[in-house]
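query31.cif (mmCIF, C-alpha atoms)
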```cif
data_query
loop_
_atom_site.group_PDB
_atom_site.id
_atom_site.type_symbol
_atom_site.label_atom_id
_atom_site.label_comp_id
_atom_site.auth_asym_id
_atom_site.auth_seq_id
_atom_site.Cartn_x
_atom_site.Cartn_y
_atom_site.Cartn_z
ATOM 1 C CA MET A 274 -1.382 -75.504 -26.800
ATOM 2 C CA THR A 275 -1.191 -72.358 -24.656
ATOM 3 C CA GLY A 276 1.155 -69.513 -25.496
ATOM 4 C CA GLN A 277 3.208 -70.364 -22.412
ATOM 5 C CA GLY A 278 3.658 -73.958 -23.531
ATOM 6 C CA ARG A 279 4.689 -72.880 -27.009
ATOM 7 C CA ALA A 280 7.305 -70.512 -25.578
ATOM 8 C CA VAL A 281 8.776 -73.327 -23.506
ATOM 9 C CA THR A 282 9.097 -75.466 -26.620
ATOM 10 C CA VAL A 283 10.941 -72.741 -28.500
ATOM 11 C CA ARG A 284 13.297 -72.014 -25.593
ATOM 12 C CA SER A 285 14.196 -75.656 -25.231
ATOM 13 C CA MET A 286 14.914 -75.872 -28.961
ATOM 14 C CA ARG A 287 17.135 -72.803 -28.840
ATOM 15 C CA THR A 288 19.491 -74.622 -26.518
ATOM 16 C CA THR A 289 19.933 -77.273 -29.205
ATOM 17 C CA ALA A 290 20.040 -74.897 -32.193
ATOM 18 C CA PRO A 291 23.819 -75.114 -32.742
ATOM 19 C CA ALA A 292 23.574 -78.906 -32.721
ATOM 20 C CA ILE A 293 20.793 -78.807 -35.290
ATOM 21 C CA ALA A 294 22.793 -76.579 -37.602
ATOM 22 C CA ALA A 295 25.956 -78.638 -37.165
ATOM 23 C CA ARG A 296 24.454 -82.051 -37.848
ATOM 24 C CA ALA A 297 25.846 -83.489 -41.053
ATOM 25 C CA PRO A 298 23.632 -85.093 -43.721
ATOM 26 C CA ARG A 299 22.809 -88.663 -42.812
ATOM 27 C CA GLU A 300 21.894 -91.717 -44.804
ATOM 28 C CA ARG A 301 18.352 -92.963 -44.430
ATOM 29 C CA ALA A 302 18.379 -96.614 -45.400
ATOM 30 C CA GLY A 303 16.261 -97.663 -48.346
ATOM 31 C CA ARG A 304 15.101 -94.154 -49.257
ATOM 32 C CA HIS A 305 14.568 -93.970 -52.990
ATOM 33 C CA TYR A 306 12.279 -92.713 -55.759
ATOM 34 C CA VAL A 307 11.348 -94.113 -59.161
ATOM 35 C CA LEU A 308 11.574 -91.938 -62.275
ATOM 36 C CA ASP A 309 11.044 -93.244 -65.819
ATOM 37 C CA GLY A 310 11.234 -96.807 -64.515
ATOM 38 C CA ARG A 311 14.595 -96.305 -62.830
ATOM 39 C CA THR A 312 14.983 -96.601 -59.064
ATOM 40 C CA THR A 313 17.344 -93.975 -57.656
ATOM 41 C CA VAL A 314 18.623 -93.842 -54.094
ATOM 42 C CA ALA A 315 18.025 -90.422 -52.567
ATOM 43 C CA PRO A 316 21.216 -88.611 -51.509
ATOM 44 C CA PRO A 317 21.883 -87.859 -47.830
ATOM 45 C CA LEU A 318 19.846 -85.016 -46.435
ATOM 46 C CA ARG A 319 20.702 -82.445 -43.782
ATOM 47 C CA ALA A 320 18.293 -82.065 -40.852
ATOM 48 C CA GLY A 321 15.783 -79.245 -41.166
ATOM 49 C CA LEU A 322 12.528 -78.093 -42.706
ATOM 50 C CA TYR A 323 12.120 -78.295 -46.481
ATOM 51 C CA LEU A 324 9.401 -76.305 -48.261
ATOM 52 C CA VAL A 325 8.660 -78.402 -51.329
ATOM 53 C CA ALA A 326 6.584 -77.157 -54.263
ATOM 54 C CA THR A 327 4.407 -79.898 -55.777
ATOM 55 C CA PRO A 328 2.464 -80.015 -59.078
ATOM 56 C CA ILE A 329 -0.730 -77.971 -59.390
ATOM 57 C CA GLY A 330 -2.284 -80.594 -61.653
ATOM 58 C CA ASN A 331 0.056 -82.476 -63.942
ATOM 59 C CA LEU A 332 2.127 -84.825 -61.763
ATOM 60 C CA GLY A 333 4.933 -84.642 -64.312
ATOM 61 C CA ASP A 334 5.704 -81.094 -63.160
ATOM 62 C CA ILE A 335 7.598 -82.278 -60.080
ATOM 63 C CA THR A 336 11.323 -81.463 -59.997
ATOM 64 C CA VAL A 337 14.073 -84.050 -59.526
ATOM 65 C CA ARG A 338 15.308 -82.158 -56.471
ATOM 66 C CA ALA A 339 11.807 -82.315 -54.955
ATOM 67 C CA LEU A 340 11.726 -86.087 -55.495
ATOM 68 C CA GLU A 341 15.110 -86.450 -53.804
ATOM 69 C CA VAL A 342 13.985 -84.490 -50.764
ATOM 70 C CA LEU A 343 10.560 -86.135 -50.475
ATOM 71 C CA ALA A 344 12.245 -89.542 -50.586
ATOM 72 C CA ALA A 345 15.014 -88.669 -48.121
ATOM 73 C CA THR A 346 13.063 -86.838 -45.422
ATOM 74 C CA ASP A 347 11.934 -88.547 -42.230
ATOM 75 C CA LEU A 348 8.417 -87.128 -42.498
ATOM 76 C CA ILE A 349 6.218 -85.191 -44.920
ATOM 77 C CA ALA A 350 3.739 -82.715 -43.432
ATOM 78 C CA CYS A 351 0.853 -82.135 -45.843
ATOM 79 C CA GLU A 352 -2.661 -80.687 -45.977
ATOM 80 C CA ASP A 353 -4.393 -83.887 -47.087
ATOM 81 C CA THR A 354 -2.515 -87.173 -46.859
ATOM 82 C CA ARG A 355 -4.733 -88.688 -49.558
ATOM 83 C CA VAL A 356 -3.741 -86.040 -52.078
ATOM 84 C CA THR A 357 -0.022 -86.244 -51.320
ATOM 85 C CA ARG A 358 -0.101 -90.045 -51.308
ATOM 86 C CA LYS A 359 -1.136 -90.018 -54.980
ATOM 87 C CA LEU A 360 2.011 -88.061 -55.824
ATOM 88 C CA LEU A 361 4.251 -90.314 -53.753
ATOM 89 C CA ASP A 362 2.749 -93.479 -55.250
ATOM 90 C CA ARG A 363 3.442 -92.123 -58.736
ATOM 91 C CA TYR A 364 7.154 -91.917 -57.915
ATOM 92 C CA GLY A 365 7.540 -94.920 -55.605
ATOM 93 C CA ILE A 366 8.208 -92.886 -52.455
ATOM 94 C CA ALA A 367 7.370 -94.453 -49.085
ATOM 95 C CA THR A 368 8.110 -91.576 -46.690
ATOM 96 C CA PRO A 369 5.589 -91.369 -43.801
ATOM 97 C CA LEU A 370 2.942 -88.632 -43.952
ATOM 98 C CA THR A 371 1.336 -86.480 -41.276
ATOM 99 C CA SER A 372 -1.457 -83.909 -41.551
ATOM 100 C CA TYR A 373 -0.685 -80.211 -41.173
ATOM 101 C CA HIS A 374 -3.492 -77.839 -42.141
ATOM 102 C CA GLU A 375 -5.276 -74.737 -40.850
ATOM 103 C CA HIS A 376 -7.571 -76.721 -38.550
ATOM 104 C CA ASN A 377 -4.888 -78.723 -36.696
ATOM 105 C CA ALA A 378 -1.823 -76.480 -37.031
ATOM 106 C CA ALA A 379 -1.839 -75.300 -33.405
ATOM 107 C CA GLN A 380 -1.682 -78.913 -32.186
ATOM 108 C CA ALA A 381 0.556 -80.304 -34.929
ATOM 109 C CA ARG A 382 3.180 -77.538 -35.028
ATOM 110 C CA PRO A 383 4.813 -78.233 -31.596
ATOM 111 C CA LYS A 384 5.201 -81.898 -32.559
ATOM 112 C CA LEU A 385 6.934 -80.991 -35.809
ATOM 113 C CA LEU A 386 9.194 -78.519 -34.004
ATOM 114 C CA ALA A 387 10.122 -81.231 -31.503
ATOM 115 C CA ARG A 388 11.031 -83.583 -34.358
ATOM 116 C CA LEU A 389 13.202 -80.879 -35.886
ATOM 117 C CA ALA A 390 14.923 -80.382 -32.528
ATOM 118 C CA ASP A 391 15.706 -84.096 -32.483
ATOM 119 C CA GLY A 392 17.495 -83.782 -35.825
ATOM 120 C CA ALA A 393 14.775 -84.868 -38.221
ATOM 121 C CA ALA A 394 14.429 -83.755 -41.812
ATOM 122 C CA ILE A 395 10.815 -82.754 -42.530
ATOM 123 C CA ALA A 396 9.227 -81.718 -45.822
ATOM 124 C CA LEU A 397 6.241 -79.352 -45.863
ATOM 125 C CA VAL A 398 3.947 -79.536 -48.901
ATOM 126 C CA SER A 399 0.523 -78.203 -49.815
ATOM 127 C CA ASP A 400 -2.114 -80.051 -51.802
ATOM 128 C CA ALA A 401 -0.843 -78.306 -54.925
ATOM 129 C CA GLY A 402 1.757 -75.687 -55.758
ATOM 130 C CA THR A 403 4.127 -73.841 -53.458
ATOM 131 C CA PRO A 404 3.629 -74.133 -49.673
ATOM 132 C CA LEU A 405 2.575 -71.009 -47.741
ATOM 133 C CA VAL A 406 0.870 -69.439 -50.814
ATOM 134 C CA SER A 407 -2.759 -69.287 -49.588
ATOM 135 C CA ASP A 408 -1.873 -72.295 -47.412
ATOM 136 C CA PRO A 409 -0.839 -72.713 -43.753
ATOM 137 C CA GLY A 410 2.823 -72.851 -42.858
ATOM 138 C CA TYR A 411 4.316 -69.438 -42.151
ATOM 139 C CA LYS A 412 4.107 -69.896 -38.373
ATOM 140 C CA LEU A 413 5.924 -73.209 -38.655
ATOM 141 C CA VAL A 414 8.653 -71.591 -40.758
ATOM 142 C CA ARG A 415 8.952 -68.653 -38.372
ATOM 143 C CA GLU A 416 9.210 -70.828 -35.247
ATOM 144 C CA ALA A 417 11.594 -73.266 -36.919
ATOM 145 C CA ARG A 418 13.899 -70.416 -37.885
ATOM 146 C CA ALA A 419 13.647 -68.904 -34.392
ATOM 147 C CA ALA A 420 14.775 -72.243 -32.982
ATOM 148 C CA GLY A 421 17.802 -72.348 -35.270
ATOM 149 C CA ALA A 422 16.580 -75.065 -37.615
ATOM 150 C CA ASN A 423 17.707 -75.129 -41.214
ATOM 151 C CA VAL A 424 14.848 -74.023 -43.530
ATOM 152 C CA THR A 425 15.196 -74.633 -47.262
ATOM 153 C CA ALA A 426 12.834 -73.718 -50.124
ATOM 154 C CA LEU A 427 12.514 -75.946 -53.172
ATOM 155 C CA PRO A 428 10.844 -73.838 -55.885
ATOM 156 C CA GLY A 429 8.522 -75.305 -58.470
ATOM 157 C CA ALA A 430 4.938 -75.174 -59.665
ATOM 158 C CA SER A 431 2.790 -72.164 -58.753
ATOM 159 C CA ALA A 432 -0.743 -71.465 -59.937
ATOM 160 C CA VAL A 433 -0.084 -67.743 -59.442
ATOM 161 C CA LEU A 434 2.795 -67.556 -61.903
ATOM 162 C CA ALA A 435 1.295 -70.087 -64.313
ATOM 163 C CA ALA A 436 -1.907 -68.047 -64.635
ATOM 164 C CA LEU A 437 -0.082 -64.716 -64.797
ATOM 165 C CA THR A 438 2.220 -65.790 -67.610
ATOM 166 C CA VAL A 439 -0.453 -67.502 -69.704
ATOM 167 C CA SER A 440 -2.994 -64.679 -69.323
ATOM 168 C CA GLY A 441 -1.383 -62.363 -71.846
ATOM 169 C CA LEU A 442 -1.640 -59.474 -69.363
ATOM 170 C CA PRO A 443 1.210 -57.281 -68.053
ATOM 171 C CA THR A 444 3.644 -59.204 -65.844
ATOM 172 C CA ASP A 445 6.084 -56.458 -64.849
ATOM 173 C CA ARG A 446 4.114 -55.659 -61.696
ATOM 174 C CA PHE A 447 1.402 -57.775 -60.089
ATOM 175 C CA LEU A 448 -0.428 -58.231 -56.806
ATOM 176 C CA PHE A 449 -1.428 -61.669 -55.570
ATOM 177 C CA GLU A 450 -4.634 -61.116 -53.605
ATOM 178 C CA GLY A 451 -5.504 -64.734 -52.806
ATOM 179 C CA PHE A 452 -9.200 -65.385 -52.183
ATOM 180 C CA LEU A 453 -11.652 -62.502 -52.027
ATOM 181 C CA PRO A 454 -13.998 -62.479 -48.995
ATOM 182 C CA ALA A 455 -16.877 -64.940 -49.287
ATOM 183 C CA LYS A 456 -19.546 -62.493 -48.108
ATOM 184 C CA GLU A 457 -20.830 -60.049 -50.701
ATOM 185 C CA ALA A 458 -20.452 -56.811 -48.710
ATOM 186 C CA ALA A 459 -16.901 -57.604 -47.623
ATOM 187 C CA ARG A 460 -15.987 -58.753 -51.133
ATOM 188 C CA ARG A 461 -17.220 -55.520 -52.723
ATOM 189 C CA ALA A 462 -15.426 -53.436 -50.102
ATOM 190 C CA ARG A 463 -12.149 -55.219 -50.813
ATOM 191 C CA ILE A 464 -12.585 -54.807 -54.580
ATOM 192 C CA ALA A 465 -13.039 -51.068 -53.995
ATOM 193 C CA GLU A 466 -9.664 -51.061 -52.224
ATOM 194 C CA LEU A 467 -8.056 -52.894 -55.140
ATOM 195 C CA GLU A 468 -9.435 -50.507 -57.764
ATOM 196 C CA ARG A 469 -6.495 -48.062 -57.784
ATOM 197 C CA ILE A 470 -3.675 -50.562 -57.488
ATOM 198 C CA PRO A 471 -1.404 -49.949 -60.513
ATOM 199 C CA ALA A 472 -0.654 -53.612 -61.123
ATOM 200 C CA THR A 473 -2.100 -56.770 -62.609
ATOM 201 C CA LEU A 474 -4.266 -58.569 -60.036
ATOM 202 C CA VAL A 475 -4.106 -62.326 -59.485
ATOM 203 C CA LEU A 476 -6.884 -63.925 -57.425
ATOM 204 C CA PHE A 477 -7.958 -67.426 -56.454
ATOM 205 C CA GLU A 478 -11.615 -68.418 -56.453
ATOM 206 C CA THR A 479 -13.810 -71.485 -56.014
ATOM 207 C CA GLY A 480 -16.305 -72.774 -58.543
ATOM 208 C CA ALA A 481 -19.210 -72.011 -56.213
ATOM 209 C CA ARG A 482 -18.302 -68.300 -55.980
ATOM 210 C CA ILE A 483 -16.790 -67.594 -59.405
ATOM 211 C CA ALA A 484 -19.915 -66.066 -60.993
ATOM 212 C CA ALA A 485 -20.582 -63.736 -58.060
ATOM 213 C CA SER A 486 -16.936 -62.687 -57.773
ATOM 214 C CA LEU A 487 -16.614 -61.927 -61.480
ATOM 215 C CA ALA A 488 -19.847 -59.904 -61.379
ATOM 216 C CA ASP A 489 -18.558 -57.871 -58.417
ATOM 217 C CA LEU A 490 -15.158 -57.389 -60.085
ATOM 218 C CA ALA A 491 -16.867 -56.136 -63.250
ATOM 219 C CA ALA A 492 -19.009 -53.723 -61.244
ATOM 220 C CA GLY A 493 -16.115 -52.486 -59.112
ATOM 221 C CA LEU A 494 -13.256 -52.363 -61.617
ATOM 222 C CA GLY A 495 -15.063 -51.575 -64.861
ATOM 223 C CA PRO A 496 -14.349 -53.021 -68.327
ATOM 224 C CA ARG A 497 -10.850 -54.253 -67.657
ATOM 225 C CA GLU A 498 -9.292 -57.041 -69.669
ATOM 226 C CA ALA A 499 -9.042 -60.275 -67.708
ATOM 227 C CA ALA A 500 -8.407 -64.005 -67.946
ATOM 228 C CA LEU A 501 -10.120 -66.884 -66.175
ATOM 229 C CA CYS A 502 -7.842 -69.904 -65.808
ATOM 230 C CA ARG A 503 -9.243 -73.358 -65.035
ATOM 231 C CA GLU A 504 -7.581 -76.760 -64.661
ATOM 232 C CA LEU A 505 -4.103 -75.299 -65.181
ATOM 233 C CA THR A 506 -1.539 -77.878 -66.416
ATOM 234 C CA LYS A 507 -4.231 -80.561 -66.685
ATOM 235 C CA TYR A 508 -5.655 -82.255 -69.782
ATOM 236 C CA TYR A 509 -8.755 -80.035 -69.827
ATOM 237 C CA GLU A 510 -6.898 -76.773 -69.167
ATOM 238 C CA GLU A 511 -9.025 -73.809 -70.193
ATOM 239 C CA ILE A 512 -8.100 -70.116 -70.432
ATOM 240 C CA ARG A 513 -10.932 -67.676 -71.117
ATOM 241 C CA ARG A 514 -10.018 -64.108 -72.015
ATOM 242 C CA GLY A 515 -12.184 -61.025 -72.319
ATOM 243 C CA ASP A 516 -13.342 -58.033 -70.326
ATOM 244 C CA LEU A 517 -14.655 -58.675 -66.825
ATOM 245 C CA ALA A 518 -18.305 -58.165 -67.780
ATOM 246 C CA THR A 519 -18.072 -60.745 -70.570
ATOM 247 C CA LEU A 520 -16.414 -63.287 -68.302
ATOM 248 C CA ALA A 521 -19.036 -62.608 -65.631
ATOM 249 C CA HIS A 522 -21.901 -63.245 -68.096
ATOM 250 C CA GLN A 523 -20.258 -66.451 -69.301
ATOM 251 C CA ALA A 524 -19.803 -67.687 -65.737
ATOM 252 C CA ALA A 525 -23.413 -66.873 -64.852
ATOM 253 C CA ASP A 526 -24.729 -68.871 -67.825
ATOM 254 C CA ALA A 527 -22.423 -71.886 -67.387
ATOM 255 C CA PRO A 528 -22.639 -74.810 -64.954
ATOM 256 C CA GLU A 529 -20.594 -74.422 -61.781
ATOM 257 C CA PRO A 530 -16.976 -75.364 -62.613
ATOM 258 C CA ARG A 531 -15.145 -77.873 -60.439
ATOM 259 C CA GLY A 532 -12.114 -77.084 -58.358
ATOM 260 C CA GLU A 533 -10.335 -73.787 -57.782
ATOM 261 C CA LEU A 534 -9.808 -71.154 -60.450
ATOM 262 C CA VAL A 535 -7.425 -68.262 -61.002
ATOM 263 C CA ILE A 536 -8.596 -64.825 -62.138
ATOM 264 C CA VAL A 537 -6.067 -62.428 -63.665
ATOM 265 C CA VAL A 538 -7.157 -58.800 -64.105
ATOM 266 C CA ALA A 539 -5.324 -56.097 -66.047
ATOM 267 C CA PRO A 540 -4.178 -52.957 -64.212
ATOM 268 C CA PRO A 541 -6.170 -49.718 -64.560
ATOM 269 C CA ASP A 542 -5.603 -47.875 -67.835
ATOM 270 C CA ARG A 543 -4.876 -44.560 -66.163
ATOM 271 C CA GLN A 544 -2.774 -44.007 -63.086
ATOM 272 C CA ASP A 545 -3.546 -40.390 -62.258
ATOM 273 C CA ASP A 546 -2.155 -38.795 -59.112
ATOM 274 C CA VAL A 547 -4.333 -39.742 -56.189
ATOM 275 C CA SER A 548 -6.337 -36.861 -54.721
ATOM 276 C CA ALA A 549 -6.168 -35.962 -51.032
ATOM 277 C CA ALA A 550 -9.746 -37.187 -50.591
ATOM 278 C CA ASP A 551 -8.980 -40.502 -52.284
ATOM 279 C CA LEU A 552 -5.834 -40.914 -50.218
ATOM 280 C CA ASP A 553 -7.778 -40.359 -46.999
ATOM 281 C CA ALA A 554 -10.476 -42.817 -48.111
ATOM 282 C CA LEU A 555 -7.893 -45.486 -48.868
ATOM 283 C CA LEU A 556 -6.146 -44.898 -45.554
ATOM 284 C CA ARG A 557 -9.385 -45.110 -43.562
ATOM 285 C CA GLN A 558 -10.143 -48.480 -45.129
ATOM 286 C CA ALA A 559 -6.614 -49.713 -44.486
ATOM 287 C CA LEU A 560 -6.556 -48.485 -40.881
ATOM 288 C CA ASP A 561 -9.668 -50.549 -40.188
ATOM 289 C CA ARG A 562 -7.563 -53.647 -40.912
ATOM 290 C CA LEU A 563 -3.959 -52.750 -40.242
ATOM 291 C CA SER A 564 -1.578 -50.899 -37.951
ATOM 292 C CA VAL A 565 -0.469 -47.403 -38.976
ATOM 293 C CA LYS A 566 2.880 -48.732 -40.187
ATOM 294 C CA ASP A 567 1.336 -51.484 -42.323
ATOM 295 C CA ALA A 568 -1.419 -49.196 -43.623
ATOM 296 C CA VAL A 569 1.160 -46.636 -44.739
ATOM 297 C CA ALA A 570 3.201 -49.297 -46.533
ATOM 298 C CA GLU A 571 0.150 -50.688 -48.319
ATOM 299 C CA ILE A 572 -1.359 -47.365 -49.405
ATOM 300 C CA ALA A 573 1.978 -45.888 -50.485
ATOM 301 C CA ALA A 574 2.406 -48.906 -52.785
ATOM 302 C CA VAL A 575 -1.193 -48.779 -54.001
ATOM 303 C CA SER A 576 -1.429 -45.039 -54.652
ATOM 304 C CA GLY A 577 2.095 -44.149 -55.679
ATOM 305 C CA ALA A 578 1.905 -41.177 -53.311
ATOM 306 C CA PRO A 579 5.091 -40.199 -51.428
ATOM 307 C CA ARG A 580 5.481 -42.324 -48.314
ATOM 308 C CA ARG A 581 6.114 -39.239 -46.170
ATOM 309 C CA GLU A 582 2.790 -37.729 -47.248
ATOM 310 C CA VAL A 583 0.942 -41.004 -46.667
ATOM 311 C CA TYR A 584 2.464 -41.289 -43.189
ATOM 312 C CA ARG A 585 1.501 -37.704 -42.332
ATOM 313 C CA ARG A 586 -2.128 -38.312 -43.329
ATOM 314 C CA ALA A 587 -2.236 -41.668 -41.537
ATOM 315 C CA ILE A 588 -1.097 -40.056 -38.268
ATOM 316 C CA ALA A 589 -3.655 -37.271 -38.656
ATOM 317 C CA LEU A 590 -6.478 -39.721 -39.329
ATOM 318 C CA SER A 591 -5.428 -41.873 -36.374
ATOM 319 C CA LYS A 592 -5.551 -38.841 -34.075
ATOM 320 C CA GLU A 593 -8.992 -37.904 -35.429
ATOM 321 C CA ARG A 594 -10.221 -41.397 -34.641
ATOM 322 C CA GLY A 595 -8.799 -41.181 -31.155
ATOM 323 C CA HIS A 596 -10.650 -37.908 -30.476
ATOM 324 C CA ALA A 597 -13.856 -39.340 -31.949
ATOM 325 C CA ARG A 598 -13.787 -42.135 -29.398
#
```

Show me the file's structure as structure tokens.
Amino acid sequence: MTGQGRAVTVRSMRTTAPAIAARAPRERAGRHYVLDGRTTVAPPLRAGLYLVATPIGNLGDITVRALEVLAATDLIACEDTRVTRKLLDRYGIATPLTSYHEHNAAQARPKLLARLADGAAIALVSDAGTPLVSDPGYKLVREARAAGANVTALPGASAVLAALTVSGLPTDRFLFEGFLPAKEAARRARIAELERIPATLVLFETGARIAASLADLAAGLGPREAALCRELTKYYEEIRRGDLATLAHQAADAPEPRGELVIVVAPPDRQDDVSAADLDALLRQALDRLSVKDAVAEIAAVSGAPRREVYRRAIALSKERGHAR
């Protein structure tokens, strides 16, 4: 859909926003779920968008509140209907499903927004874990909120927090990086940016790239303690701990693991004051990707340098770039 068409949709929803917010919960006949052999009728549900966390492996990790919402909604938007159907079948839920993923989001989002404008209750789920964490959905949430729709989060399973807590590494401060770039040069450049971050790093990775990513992490971050988490919450859950080089050697010698994995890396041992040269190098890398405002926020957090000083250097570097052009 064109930007103009999307704007029209949002404007038309704004005229109905008060009605959306005012609609009382309504009964949806026959909506129920089955837990421990008992059939329970789902309670009435208010119209709006519900962000529902689902299990990352063990289907028993669903919450009762999530079951109530999944049973009571008019529609469940999910990445892969086949994956979500397995969860619904486990708990006797017959709510209709529709696909919403990165490849069809532009076409599917206006339809979901229209349903919300008509007073529907819609659940958004990912294949596993909490929606919007390395999954599509933030644009839907943003546009739903802009239109006045009720948006509710139902917390639950998260591979990020599960891996962080089981790793045995510091949890007081951490950065969730998501997936590293697939291409080697870009991956190594990003690891160089992560080197000085004074926090535990949490990354996702695929089985096909795990050996290469661990090797690049070992080369870029040095002998840091780390954990490689596989099949979290499942029967064959495996947590390997050691320094990055050891984990990289093990991954290189082992068959390619199935599914997605989580890497947790300890923070740097020393957090010395960043030098002016290092600060400029970090800012140049950030300014290649971000606006001045966002680059300042990121590098101030990464380096621990005073925000005022980071901003001053960012402005100076931006002016230098402008003259160079």

Point to revise | Ground truth for the PyMOL selection byres ((chain A and resi 448) around 9), written as a PyMOL selection string | key: chain A and resi 446-447+449-450+470+472-476

Review point. At most 10 Å from (3.0, -72.5, -64.4), file frame, all atoms listed in the file: which residues, as a list in words?
Key: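 Final list of nearby residues, as requested, is Pro328, Ile329, Asp334, Gly402, Gly429, Ala430, Ser431, Ala432, Val433, Leu434, Ala435, Ala436, Leu437, Thr438, Val439, Leu505 and Thr506 of chain A.
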
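Coordinates place CA of Leu322 in chain A at a distance of 6.3 Å from CA of Thr425 in chain A.
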
Check your understanding: Hey, can you check how far CA of Glu529 in chain A sits from CA of Leu501 in chain A?
Key ->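 CA of Glu529 in chain A sits 13.6 Å away from CA of Leu501 in chain A.
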
Check your understanding: In Å, how far is it from CA of Leu467 in chain A to CA of Ala485 in chain A?
Key ->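 Between CA of Leu467 in chain A and CA of Ala485 in chain A the gap is 16.8 Å.
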
Practice item. Taking the file above as input, evaluate the PyMOL selection byres ((chain A and resi 304) around 10) and report the hits as an MDAnalysis selection string. Key: chainID A and resid 300:303 305:306 313:317 341:347 365:368

Keeping C-alpha atoms, export the residues of the selection given above as an mmCIF file, keeping the file's coordinate frame.
```cif
data_model
loop_
_atom_site.group_PDB
_atom_site.id
_atom_site.type_symbol
_atom_site.label_atom_id
_atom_site.label_comp_id
_atom_site.auth_asym_id
_atom_site.auth_seq_id
_atom_site.Cartn_x
_atom_site.Cartn_y
_atom_site.Cartn_z
ATOM 1 C CA GLU A 300 21.894 -91.717 -44.804
ATOM 2 C CA ARG A 301 18.352 -92.963 -44.430
ATOM 3 C CA ALA A 302 18.379 -96.614 -45.400
ATOM 4 C CA GLY A 303 16.261 -97.663 -48.346
ATOM 5 C CA HIS A 305 14.568 -93.970 -52.990
ATOM 6 C CA TYR A 306 12.279 -92.713 -55.759
ATOM 7 C CA THR A 313 17.344 -93.975 -57.656
ATOM 8 C CA VAL A 314 18.623 -93.842 -54.094
ATOM 9 C CA ALA A 315 18.025 -90.422 -52.567
ATOM 10 C CA PRO A 316 21.216 -88.611 -51.509
ATOM 11 C CA PRO A 317 21.883 -87.859 -47.830
ATOM 12 C CA GLU A 341 15.110 -86.450 -53.804
ATOM 13 C CA VAL A 342 13.985 -84.490 -50.764
ATOM 14 C CA LEU A 343 10.560 -86.135 -50.475
ATOM 15 C CA ALA A 344 12.245 -89.542 -50.586
ATOM 16 C CA ALA A 345 15.014 -88.669 -48.121
ATOM 17 C CA THR A 346 13.063 -86.838 -45.422
ATOM 18 C CA ASP A 347 11.934 -88.547 -42.230
ATOM 19 C CA GLY A 365 7.540 -94.920 -55.605
ATOM 20 C CA ILE A 366 8.208 -92.886 -52.455
ATOM 21 C CA ALA A 367 7.370 -94.453 -49.085
ATOM 22 C CA THR A 368 8.110 -91.576 -46.690
#
```
